[in-house]
>>> print(open('input.pdb').read())   # PDB, C-alpha atoms
MODEL        1
ATOM      1  CA  MET A   1      94.290  87.901 148.005  1.00  0.00           C
ATOM      2  CA  THR A   2      90.909  88.761 146.421  1.00  0.00           C
ATOM      3  CA  VAL A   3      89.328  85.307 146.463  1.00  0.00           C
ATOM      4  CA  ALA A   4      88.853  85.169 150.239  1.00  0.00           C
ATOM      5  CA  PRO A   5      87.308  88.681 150.508  1.00  0.00           C
ATOM      6  CA  LEU A   6      85.023  87.954 147.547  1.00  0.00           C
ATOM      7  CA  ALA A   7      83.929  84.637 149.089  1.00  0.00           C
ATOM      8  CA  ALA A   8      83.384  86.319 152.471  1.00  0.00           C
ATOM      9  CA  GLY A   9      81.323  89.015 150.776  1.00  0.00           C
ATOM     10  CA  LEU A  10      79.182  86.450 148.977  1.00  0.00           C
ATOM     11  CA  GLY A  11      78.484  84.629 152.250  1.00  0.00           C
ATOM     12  CA  ILE A  12      77.751  87.804 154.202  1.00  0.00           C
ATOM     13  CA  GLY A  13      75.531  89.048 151.365  1.00  0.00           C
ATOM     14  CA  VAL A  14      73.412  85.894 151.577  1.00  0.00           C
ATOM     15  CA  LEU A  15      73.316  86.185 155.396  1.00  0.00           C
ATOM     16  CA  THR A  16      72.161  89.814 155.254  1.00  0.00           C
ATOM     17  CA  ASN A  17      69.363  88.850 152.897  1.00  0.00           C
ATOM     18  CA  LEU A  18      68.279  86.070 155.255  1.00  0.00           C
ATOM     19  CA  ALA A  19      68.681  88.226 158.373  1.00  0.00           C
ATOM     20  CA  GLN A  20      66.160  90.723 157.047  1.00  0.00           C
ATOM     21  CA  GLY A  21      63.552  88.013 157.578  1.00  0.00           C
ATOM     22  CA  TRP A  22      64.967  86.887 160.908  1.00  0.00           C
ATOM     23  CA  LEU A  23      65.359  90.223 162.703  1.00  0.00           C
ATOM     24  CA  PRO A  24      62.203  91.678 164.277  1.00  0.00           C
ATOM     25  CA  GLY A  25      60.600  94.963 163.276  1.00  0.00           C
ATOM     26  CA  SER A  26      62.857  97.819 162.296  1.00  0.00           C
ATOM     27  CA  TRP A  27      65.934  95.825 163.302  1.00  0.00           C
ATOM     28  CA  ASN A  28      65.737  94.086 159.934  1.00  0.00           C
ATOM     29  CA  GLN A  29      67.190  97.339 158.547  1.00  0.00           C
ATOM     30  CA  VAL A  30      70.461  96.556 160.332  1.00  0.00           C
ATOM     31  CA  ALA A  31      71.004  93.559 158.070  1.00  0.00           C
ATOM     32  CA  ASN A  32      70.654  95.776 155.016  1.00  0.00           C
ATOM     33  CA  SER A  33      72.786  98.589 156.374  1.00  0.00           C
ATOM     34  CA  GLY A  34      75.384 100.363 154.275  1.00  0.00           C
ATOM     35  CA  ALA A  35      77.346 101.000 157.463  1.00  0.00           C
ATOM     36  CA  VAL A  36      77.432  97.309 158.361  1.00  0.00           C
ATOM     37  CA  TRP A  37      78.509  96.483 154.806  1.00  0.00           C
ATOM     38  CA  SER A  38      81.194  99.186 155.026  1.00  0.00           C
ATOM     39  CA  LEU A  39      82.437  97.557 158.213  1.00  0.00           C
ATOM     40  CA  ALA A  40      83.167  94.408 156.175  1.00  0.00           C
ATOM     41  CA  ALA A  41      85.481  96.353 153.839  1.00  0.00           C
ATOM     42  CA  PHE A  42      87.120  98.098 156.816  1.00  0.00           C
ATOM     43  CA  VAL A  43      87.866  94.762 158.498  1.00  0.00           C
ATOM     44  CA  VAL A  44      89.179  93.241 155.264  1.00  0.00           C
ATOM     45  CA  GLY A  45      91.429  96.265 154.756  1.00  0.00           C
ATOM     46  CA  ALA A  46      92.761  96.011 158.303  1.00  0.00           C
ATOM     47  CA  LEU A  47      93.440  92.289 157.907  1.00  0.00           C
ATOM     48  CA  LEU A  48      95.064  92.436 154.471  1.00  0.00           C
ATOM     49  CA  VAL A  49      97.392  95.328 155.224  1.00  0.00           C
ATOM     50  CA  ALA A  50      98.918  93.343 158.067  1.00  0.00           C
ATOM     51  CA  ARG A  51     100.294  90.804 155.595  1.00  0.00           C
ATOM     52  CA  TRP A  52     100.260  92.547 152.238  1.00  0.00           C
ATOM     53  CA  SER A  53      99.967  96.221 151.297  1.00  0.00           C
ATOM     54  CA  VAL A  54      97.552  99.134 151.227  1.00  0.00           C
ATOM     55  CA  THR A  55      96.836  98.307 147.581  1.00  0.00           C
ATOM     56  CA  ALA A  56      95.832  94.781 148.613  1.00  0.00           C
ATOM     57  CA  ALA A  57      93.586  96.267 151.316  1.00  0.00           C
ATOM     58  CA  VAL A  58      91.886  98.555 148.788  1.00  0.00           C
ATOM     59  CA  VAL A  59      91.368  95.720 146.291  1.00  0.00           C
ATOM     60  CA  GLY A  60      90.168  93.431 149.083  1.00  0.00           C
ATOM     61  CA  GLY A  61      87.676  96.087 150.205  1.00  0.00           C
ATOM     62  CA  LEU A  62      86.354  96.283 146.657  1.00  0.00           C
ATOM     63  CA  ALA A  63      86.135  92.476 146.409  1.00  0.00           C
ATOM     64  CA  VAL A  64      84.189  92.069 149.660  1.00  0.00           C
ATOM     65  CA  GLU A  65      81.751  94.852 148.756  1.00  0.00           C
ATOM     66  CA  CYS A  66      81.129  93.390 145.285  1.00  0.00           C
ATOM     67  CA  GLY A  67      80.652  89.987 146.902  1.00  0.00           C
ATOM     68  CA  LEU A  68      78.095  91.462 149.293  1.00  0.00           C
ATOM     69  CA  VAL A  69      76.029  92.872 146.432  1.00  0.00           C
ATOM     70  CA  ILE A  70      76.280  89.691 144.346  1.00  0.00           C
ATOM     71  CA  GLY A  71      75.510  87.443 147.333  1.00  0.00           C
ATOM     72  CA  TYR A  72      72.580  89.558 148.495  1.00  0.00           C
ATOM     73  CA  TYR A  73      70.894  89.932 145.111  1.00  0.00           C
ATOM     74  CA  GLY A  74      71.934  86.493 143.883  1.00  0.00           C
ATOM     75  CA  PHE A  75      70.167  84.915 146.848  1.00  0.00           C
ATOM     76  CA  ALA A  76      67.165  87.185 146.262  1.00  0.00           C
ATOM     77  CA  GLU A  77      66.984  85.925 142.685  1.00  0.00           C
ATOM     78  CA  VAL A  78      67.552  82.229 143.407  1.00  0.00           C
ATOM     79  CA  GLY A  79      66.239  81.741 146.966  1.00  0.00           C
ATOM     80  CA  ARG A  80      63.375  84.203 147.043  1.00  0.00           C
ATOM     81  CA  ASP A  81      60.821  85.575 144.588  1.00  0.00           C
ATOM     82  CA  GLY A  82      63.474  87.249 142.460  1.00  0.00           C
ATOM     83  CA  MET A  83      65.433  90.450 142.837  1.00  0.00           C
ATOM     84  CA  GLY A  84      63.036  92.513 140.782  1.00  0.00           C
ATOM     85  CA  ASP A  85      64.263  95.400 138.680  1.00  0.00           C
ATOM     86  CA  PRO A  86      68.043  95.174 138.086  1.00  0.00           C
ATOM     87  CA  PHE A  87      68.342  98.929 138.704  1.00  0.00           C
ATOM     88  CA  TRP A  88      69.048  98.602 142.453  1.00  0.00           C
ATOM     89  CA  PRO A  89      71.651  95.857 142.173  1.00  0.00           C
ATOM     90  CA  LEU A  90      73.470  98.074 139.668  1.00  0.00           C
ATOM     91  CA  VAL A  91      73.225 101.104 141.973  1.00  0.00           C
ATOM     92  CA  TRP A  92      74.665  99.105 144.878  1.00  0.00           C
ATOM     93  CA  LEU A  93      77.378  97.663 142.664  1.00  0.00           C
ATOM     94  CA  VAL A  94      78.412 101.204 141.721  1.00  0.00           C
ATOM     95  CA  MET A  95      78.357 102.079 145.425  1.00  0.00           C
ATOM     96  CA  ALA A  96      80.551  99.010 146.076  1.00  0.00           C
ATOM     97  CA  PHE A  97      83.144 100.429 143.690  1.00  0.00           C
ATOM     98  CA  VAL A  98      83.206 103.598 145.802  1.00  0.00           C
ATOM     99  CA  ALA A  99      82.733 102.244 149.328  1.00  0.00           C
ATOM    100  CA  GLY A 100      84.848  99.096 148.971  1.00  0.00           C
ATOM    101  CA  PRO A 101      88.152 100.778 148.169  1.00  0.00           C
ATOM    102  CA  LEU A 102      87.407 103.686 150.517  1.00  0.00           C
ATOM    103  CA  PHE A 103      86.697 101.523 153.550  1.00  0.00           C
ATOM    104  CA  GLY A 104      89.416  99.026 152.634  1.00  0.00           C
ATOM    105  CA  TRP A 105      91.826 101.953 152.704  1.00  0.00           C
ATOM    106  CA  ALA A 106      90.264 103.202 155.970  1.00  0.00           C
ATOM    107  CA  GLY A 107      90.839  99.840 157.658  1.00  0.00           C
ATOM    108  CA  ALA A 108      94.419  99.695 156.373  1.00  0.00           C
ATOM    109  CA  SER A 109      95.092 103.260 157.502  1.00  0.00           C
ATOM    110  CA  TRP A 110      93.789 102.559 160.975  1.00  0.00           C
ATOM    111  CA  ARG A 111      95.772  99.335 161.290  1.00  0.00           C
ATOM    112  CA  ARG A 112      99.081 100.386 159.828  1.00  0.00           C
ATOM    113  CA  GLY A 113      98.893 104.108 159.224  1.00  0.00           C
ATOM    114  CA  GLY A 114     102.270 105.614 160.008  1.00  0.00           C
ATOM    115  CA  ARG A 115     100.839 109.103 160.184  1.00  0.00           C
ATOM    116  CA  VAL A 116      98.325 110.195 162.764  1.00  0.00           C
ATOM    117  CA  ARG A 117      96.214 111.917 160.125  1.00  0.00           C
ATOM    118  CA  ALA A 118      95.729 108.673 158.153  1.00  0.00           C
ATOM    119  CA  ARG A 119      94.708 106.731 161.259  1.00  0.00           C
ATOM    120  CA  VAL A 120      92.271 109.482 162.283  1.00  0.00           C
ATOM    121  CA  VAL A 121      90.674 109.683 158.831  1.00  0.00           C
ATOM    122  CA  GLY A 122      90.362 105.889 158.656  1.00  0.00           C
ATOM    123  CA  LEU A 123      88.520 105.720 161.966  1.00  0.00           C
ATOM    124  CA  ALA A 124      86.455 108.817 161.164  1.00  0.00           C
ATOM    125  CA  ALA A 125      85.274 107.313 157.878  1.00  0.00           C
ATOM    126  CA  LEU A 126      83.902 104.218 159.603  1.00  0.00           C
ATOM    127  CA  ALA A 127      82.421 106.139 162.530  1.00  0.00           C
ATOM    128  CA  GLY A 128      80.978 108.703 160.112  1.00  0.00           C
ATOM    129  CA  VAL A 129      79.030 106.156 158.077  1.00  0.00           C
ATOM    130  CA  PHE A 130      77.506 104.779 161.287  1.00  0.00           C
ATOM    131  CA  GLY A 131      76.699 108.346 162.348  1.00  0.00           C
ATOM    132  CA  MET A 132      75.026 109.026 159.005  1.00  0.00           C
ATOM    133  CA  GLU A 133      72.828 105.964 159.415  1.00  0.00           C
ATOM    134  CA  ALA A 134      72.023 106.938 163.009  1.00  0.00           C
ATOM    135  CA  ALA A 135      70.770 110.296 161.727  1.00  0.00           C
ATOM    136  CA  HIS A 136      68.823 108.550 158.951  1.00  0.00           C
ATOM    137  CA  TYR A 137      67.147 106.202 161.427  1.00  0.00           C
ATOM    138  CA  ALA A 138      66.327 109.080 163.775  1.00  0.00           C
ATOM    139  CA  TRP A 139      65.108 111.779 161.399  1.00  0.00           C
ATOM    140  CA  ASN A 140      64.001 110.024 158.236  1.00  0.00           C
ATOM    141  CA  LEU A 141      62.636 106.709 159.498  1.00  0.00           C
ATOM    142  CA  GLY A 142      61.776 107.365 163.149  1.00  0.00           C
ATOM    143  CA  TYR A 143      63.532 104.209 164.401  1.00  0.00           C
ATOM    144  CA  ALA A 144      64.784 105.480 167.746  1.00  0.00           C
ATOM    145  CA  ALA A 145      66.352 102.233 168.985  1.00  0.00           C
ATOM    146  CA  ASN A 146      68.271 101.773 165.729  1.00  0.00           C
ATOM    147  CA  ALA A 147      69.396 105.391 165.847  1.00  0.00           C
ATOM    148  CA  TRP A 148      70.742 104.980 169.372  1.00  0.00           C
ATOM    149  CA  ALA A 149      72.527 101.733 168.485  1.00  0.00           C
ATOM    150  CA  PHE A 150      74.208 103.152 165.380  1.00  0.00           C
ATOM    151  CA  GLY A 151      74.981 106.385 167.213  1.00  0.00           C
ATOM    152  CA  ALA A 152      76.688 104.380 169.948  1.00  0.00           C
ATOM    153  CA  VAL A 153      78.842 102.581 167.361  1.00  0.00           C
ATOM    154  CA  ALA A 154      79.705 105.947 165.791  1.00  0.00           C
ATOM    155  CA  VAL A 155      80.944 107.176 169.179  1.00  0.00           C
ATOM    156  CA  LEU A 156      82.735 103.938 170.099  1.00  0.00           C
ATOM    157  CA  VAL A 157      84.714 103.472 166.860  1.00  0.00           C
ATOM    158  CA  PRO A 158      86.996 106.472 167.543  1.00  0.00           C
ATOM    159  CA  LEU A 159      88.014 104.786 170.801  1.00  0.00           C
ATOM    160  CA  LEU A 160      90.136 102.495 168.611  1.00  0.00           C
ATOM    161  CA  GLY A 161      92.560 105.410 168.227  1.00  0.00           C
ATOM    162  CA  ARG A 162      95.980 105.020 169.815  1.00  0.00           C
ATOM    163  CA  THR A 163      95.949 108.191 171.917  1.00  0.00           C
ATOM    164  CA  HIS A 164      93.352 110.471 173.481  1.00  0.00           C
ATOM    165  CA  ARG A 165      94.209 113.084 170.882  1.00  0.00           C
ATOM    166  CA  GLU A 166      93.636 110.654 167.992  1.00  0.00           C
ATOM    167  CA  ARG A 167      90.334 109.596 169.516  1.00  0.00           C
ATOM    168  CA  ALA A 168      89.153 113.185 169.922  1.00  0.00           C
ATOM    169  CA  TRP A 169      90.130 114.124 166.359  1.00  0.00           C
ATOM    170  CA  ALA A 170      88.509 110.965 164.964  1.00  0.00           C
ATOM    171  CA  LEU A 171      85.255 111.708 166.795  1.00  0.00           C
ATOM    172  CA  ALA A 172      85.209 115.325 165.599  1.00  0.00           C
ATOM    173  CA  ALA A 173      85.963 114.299 162.018  1.00  0.00           C
ATOM    174  CA  ALA A 174      83.334 111.534 162.205  1.00  0.00           C
ATOM    175  CA  CYS A 175      80.683 114.070 163.187  1.00  0.00           C
ATOM    176  CA  ALA A 176      81.577 116.250 160.209  1.00  0.00           C
ATOM    177  CA  LEU A 177      81.613 113.272 157.840  1.00  0.00           C
ATOM    178  CA  ALA A 178      78.296 111.940 159.173  1.00  0.00           C
ATOM    179  CA  LEU A 179      76.558 115.271 158.677  1.00  0.00           C
ATOM    180  CA  THR A 180      78.056 115.707 155.210  1.00  0.00           C
ATOM    181  CA  ALA A 181      77.035 112.202 154.132  1.00  0.00           C
ATOM    182  CA  PHE A 182      73.555 112.705 155.610  1.00  0.00           C
ATOM    183  CA  ALA A 183      73.190 115.917 153.604  1.00  0.00           C
ATOM    184  CA  VAL A 184      74.680 114.585 150.350  1.00  0.00           C
ATOM    185  CA  VAL A 185      74.560 110.789 150.036  1.00  0.00           C
ATOM    186  CA  LEU A 186      71.094 110.091 151.426  1.00  0.00           C
ATOM    187  CA  PRO A 187      69.327 112.698 149.254  1.00  0.00           C
ATOM    188  CA  VAL A 188      71.022 111.257 146.145  1.00  0.00           C
ATOM    189  CA  LEU A 189      69.898 107.724 147.046  1.00  0.00           C
ATOM    190  CA  GLY A 190      66.443 109.047 147.905  1.00  0.00           C
ATOM    191  CA  GLY A 191      66.280 110.760 144.531  1.00  0.00           C
ATOM    192  CA  LEU A 192      67.098 107.504 142.786  1.00  0.00           C
ATOM    193  CA  SER A 193      64.193 105.732 144.498  1.00  0.00           C
ATOM    194  CA  ALA A 194      61.674 108.449 143.647  1.00  0.00           C
TER     195      ALA A 194
ENDMDL
END
>>> encode(input="input.pdb", output="C-alpha cells")
Amino acid sequence: MTVAPLAAGLGIGVLTNLAQGWLPGSWNQVANSGAVWSLAAFVVGALLVARWSVTAAVVGGLAVECGLVIGYYGFAEVGRDGMGDPFWPLVWLVMAFVAGPLFGWAGASWRRGGRVRARVVGLAALAGVFGMEAAHYAWNLGYAANAWAFGAVAVLVPLLGRTHRERAWALAAACALALTAFAVVLPVLGGLSA
C-alpha cells in the first residue's frame, strides 16, 4: 500500500526536476510547485481510501510526498551538477511529513467523507494551497500568467463538491486557507532562504 505511492513519488519527483528545464520562462515554477506536489498526495489519498482506509490514505500521502523529495533531489544529485547544500532537501522532507498526511487525508475526505464538513475541508485544503501559490505568483514574483492559472485551479477545485452548498463552503474556506497560508507559510519559507 505504500510501495506504489512511494514509487509514483520518485518518478514524479524526477519528472518535476526535468520539467523545470523543459518549461519556458516562469512556467518552470509550475514543475516545482508545492501545490502540484500536494495534488499528488490528494490523488493518492482519494485512490487509496476507495480500497483501503483513511489511515492508508494518510500513509500513502506521506509516501508519495517523501518520494517526490527523494526523486527530485536524488536526480539533482545524480543527473545534474549535484543538489548542493542538503539544507533544502531536509526542509522539503519535513514539509513532506506535514503536507503528505494532510493532503492524503484531504483526498480521502473528499472521496469518501461521510460528513459534509470533512468533504468541504478536504476540497478547501487543496484549493487553498493553489490559491496561496496564485497569490505568491501575483504579489511576490510578478508572474501574472501563473497567478491566473493557479487561481483558476483554486476556483475550479471546489466544483468537485457534491452539492452547490458544499461547493460554496469549499470555495469560502479555500479563500480563508489561501490567505492564512500566504501570511504564515510563505514568510516562514522565505525566512529560511534568507
>>> resolve_selection(input="input.pdb", expression="the PyMOL selection byres ((chain A and resi 32) around 12)", output="count of residues only")
29
>>> resolve_selection(input="input.pdb", expression="the PyMOL selection byres ((chain A and resi 121-125) around 8)", output="list in words")
Phe103, Trp105, Ala106, Gly107, Ala108, Ser109, Trp110, Arg117, Ala118, Arg119, Val120, Leu126, Ala127, Gly128, Val129, Val157, Pro158, Leu160, Gly161, Ala170, Leu171, Ala172, Ala173, Ala174 and Leu177 of chain A
>>> resolve_selection(input="input.pdb", expression="the PyMOL selection byres ((chain A and resi 147) around 9)", output="short mmCIF file (atom, residue, chain, number, x, y, z; two decimals) with C-alpha atoms, in the frame of the given file")
data_model
loop_
_atom_site.label_atom_id
_atom_site.label_comp_id
_atom_site.auth_asym_id
_atom_site.auth_seq_id
_atom_site.Cartn_x
_atom_site.Cartn_y
_atom_site.Cartn_z
CA GLY A 131 76.70 108.35 162.35
CA GLU A 133 72.83 105.96 159.42
CA ALA A 134 72.02 106.94 163.01
CA ALA A 135 70.77 110.30 161.73
CA HIS A 136 68.82 108.55 158.95
CA TYR A 137 67.15 106.20 161.43
CA ALA A 138 66.33 109.08 163.78
CA TRP A 139 65.11 111.78 161.40
CA GLY A 142 61.78 107.36 163.15
CA TYR A 143 63.53 104.21 164.40
CA ALA A 144 64.78 105.48 167.75
CA ALA A 145 66.35 102.23 168.98
CA ASN A 146 68.27 101.77 165.73
CA TRP A 148 70.74 104.98 169.37
CA ALA A 149 72.53 101.73 168.48
CA PHE A 150 74.21 103.15 165.38
CA GLY A 151 74.98 106.38 167.21
CA ALA A 152 76.69 104.38 169.95
#
>>> atom_distance(input="input.pdb", atom1="CA of Ala154 (chain A)", atom2="CA of Arg51 (chain A)")
27.5 Å
>>> closest_residue(input="input.pdb", among="A:Ala76, A:Leu62, A:Gly11, A:Val116", to="Trp169 (chain A)", atoms="only C-alpha atoms")
A:Val116
>>> residues_around(input="input.pdb", residues="Gly60 (chain A)", least_positions_apart="4", cutoff="8 Å", atoms="only C-alpha atoms", output="mmCIF file with C-alpha atoms, in the frame of the given file")
data_model
loop_
_atom_site.group_PDB
_atom_site.id
_atom_site.type_symbol
_atom_site.label_atom_id
_atom_site.label_comp_id
_atom_site.auth_asym_id
_atom_site.auth_seq_id
_atom_site.Cartn_x
_atom_site.Cartn_y
_atom_site.Cartn_z
ATOM 1 C CA MET A 1 94.290 87.901 148.005
ATOM 2 C CA THR A 2 90.909 88.761 146.421
ATOM 3 C CA PRO A 5 87.308 88.681 150.508
ATOM 4 C CA LEU A 6 85.023 87.954 147.547
ATOM 5 C CA ALA A 41 85.481 96.353 153.839
ATOM 6 C CA VAL A 44 89.179 93.241 155.264
ATOM 7 C CA GLY A 45 91.429 96.265 154.756
ATOM 8 C CA LEU A 48 95.064 92.436 154.471
ATOM 9 C CA ALA A 56 95.832 94.781 148.613
ATOM 10 C CA VAL A 64 84.189 92.069 149.660
ATOM 11 C CA GLY A 100 84.848 99.096 148.971
ATOM 12 C CA PRO A 101 88.152 100.778 148.169
ATOM 13 C CA GLY A 104 89.416 99.026 152.634
#
>>> closest_residue(input="input.pdb", among="A:Gly82, A:Ala63, A:Val188, A:Phe130", to="Phe97 (chain A)", atoms="all atoms listed in the file")
A:Ala63
>>> closest_residue(input="input.pdb", among="A:Ala168, A:Leu102, A:Val91, A:Ala178", to="Leu192 (chain A)", atoms="all atoms listed in the file")
A:Val91
>>> atom_distance(input="input.pdb", atom1="CA of Ala7 (chain A)", atom2="CA of Cys66 (chain A)")
9.9 Å
>>> closest_residue(input="input.pdb", among="A:Trp22, A:Gly9, A:Gly79, A:Gly114", to="Glu65 (chain A)", atoms="all atoms listed in the file")
A:Gly9
>>> atom_distance(input="input.pdb", atom1="CA of Gly67 (chain A)", atom2="CA of Arg112 (chain A)")
24.8 Å
>>> build_atoms(input="input.pdb", residues="region 8-21 of chain A", atoms="N, CA, C and O atoms", output="PDB file, in the frame of the given file")
ATOM      1  N   ALA A   8      83.982  85.805 151.225  1.00  0.00           N
ATOM      2  CA  ALA A   8      83.384  86.319 152.471  1.00  0.00           C
ATOM      3  C   ALA A   8      82.218  87.240 152.156  1.00  0.00           C
ATOM      4  O   ALA A   8      81.157  87.161 152.785  1.00  0.00           O
ATOM      5  N   GLY A   9      82.395  88.107 151.172  1.00  0.00           N
ATOM      6  CA  GLY A   9      81.323  89.015 150.776  1.00  0.00           C
ATOM      7  C   GLY A   9      80.100  88.274 150.282  1.00  0.00           C
ATOM      8  O   GLY A   9      78.964  88.621 150.633  1.00  0.00           O
ATOM      9  N   LEU A  10      80.312  87.246 149.459  1.00  0.00           N
ATOM     10  CA  LEU A  10      79.182  86.450 148.977  1.00  0.00           C
ATOM     11  C   LEU A  10      78.404  85.843 150.144  1.00  0.00           C
ATOM     12  O   LEU A  10      77.174  85.925 150.192  1.00  0.00           O
ATOM     13  N   GLY A  11      79.133  85.241 151.086  1.00  0.00           N
ATOM     14  CA  GLY A  11      78.484  84.629 152.250  1.00  0.00           C
ATOM     15  C   GLY A  11      77.751  85.638 153.112  1.00  0.00           C
ATOM     16  O   GLY A  11      76.610  85.405 153.526  1.00  0.00           O
ATOM     17  N   ILE A  12      78.392  86.777 153.372  1.00  0.00           N
ATOM     18  CA  ILE A  12      77.751  87.804 154.202  1.00  0.00           C
ATOM     19  C   ILE A  12      76.562  88.412 153.470  1.00  0.00           C
ATOM     20  O   ILE A  12      75.535  88.730 154.082  1.00  0.00           O
ATOM     21  N   GLY A  13      76.655  88.541 152.151  1.00  0.00           N
ATOM     22  CA  GLY A  13      75.531  89.048 151.365  1.00  0.00           C
ATOM     23  C   GLY A  13      74.311  88.155 151.497  1.00  0.00           C
ATOM     24  O   GLY A  13      73.185  88.634 151.681  1.00  0.00           O
ATOM     25  N   VAL A  14      74.525  86.844 151.396  1.00  0.00           N
ATOM     26  CA  VAL A  14      73.412  85.894 151.577  1.00  0.00           C
ATOM     27  C   VAL A  14      72.863  86.010 153.001  1.00  0.00           C
ATOM     28  O   VAL A  14      71.647  86.057 153.209  1.00  0.00           O
ATOM     29  N   LEU A  15      73.767  86.071 153.995  1.00  0.00           N
ATOM     30  CA  LEU A  15      73.316  86.185 155.396  1.00  0.00           C
ATOM     31  C   LEU A  15      72.507  87.452 155.636  1.00  0.00           C
ATOM     32  O   LEU A  15      71.513  87.424 156.372  1.00  0.00           O
ATOM     33  N   THR A  16      72.918  88.577 155.029  1.00  0.00           N
ATOM     34  CA  THR A  16      72.161  89.814 155.254  1.00  0.00           C
ATOM     35  C   THR A  16      70.775  89.720 154.631  1.00  0.00           C
ATOM     36  O   THR A  16      69.811  90.246 155.181  1.00  0.00           O
ATOM     37  N   ASN A  17      70.677  89.035 153.504  1.00  0.00           N
ATOM     38  CA  ASN A  17      69.363  88.850 152.897  1.00  0.00           C
ATOM     39  C   ASN A  17      68.481  88.012 153.815  1.00  0.00           C
ATOM     40  O   ASN A  17      67.323  88.348 154.057  1.00  0.00           O
ATOM     41  N   LEU A  18      69.039  86.929 154.334  1.00  0.00           N
ATOM     42  CA  LEU A  18      68.279  86.070 155.255  1.00  0.00           C
ATOM     43  C   LEU A  18      67.936  86.794 156.559  1.00  0.00           C
ATOM     44  O   LEU A  18      66.827  86.657 157.079  1.00  0.00           O
ATOM     45  N   ALA A  19      68.879  87.554 157.086  1.00  0.00           N
ATOM     46  CA  ALA A  19      68.681  88.226 158.373  1.00  0.00           C
ATOM     47  C   ALA A  19      67.567  89.255 158.320  1.00  0.00           C
ATOM     48  O   ALA A  19      66.949  89.549 159.342  1.00  0.00           O
ATOM     49  N   GLN A  20      67.281  89.789 157.139  1.00  0.00           N
ATOM     50  CA  GLN A  20      66.160  90.723 157.047  1.00  0.00           C
ATOM     51  C   GLN A  20      64.847  90.042 157.426  1.00  0.00           C
ATOM     52  O   GLN A  20      63.958  90.698 157.950  1.00  0.00           O
ATOM     53  N   GLY A  21      64.742  88.755 157.178  1.00  0.00           N
ATOM     54  CA  GLY A  21      63.552  88.013 157.578  1.00  0.00           C
ATOM     55  C   GLY A  21      63.613  87.521 159.012  1.00  0.00           C
ATOM     56  O   GLY A  21      62.591  87.247 159.625  1.00  0.00           O
TER      57      GLY A  21
END
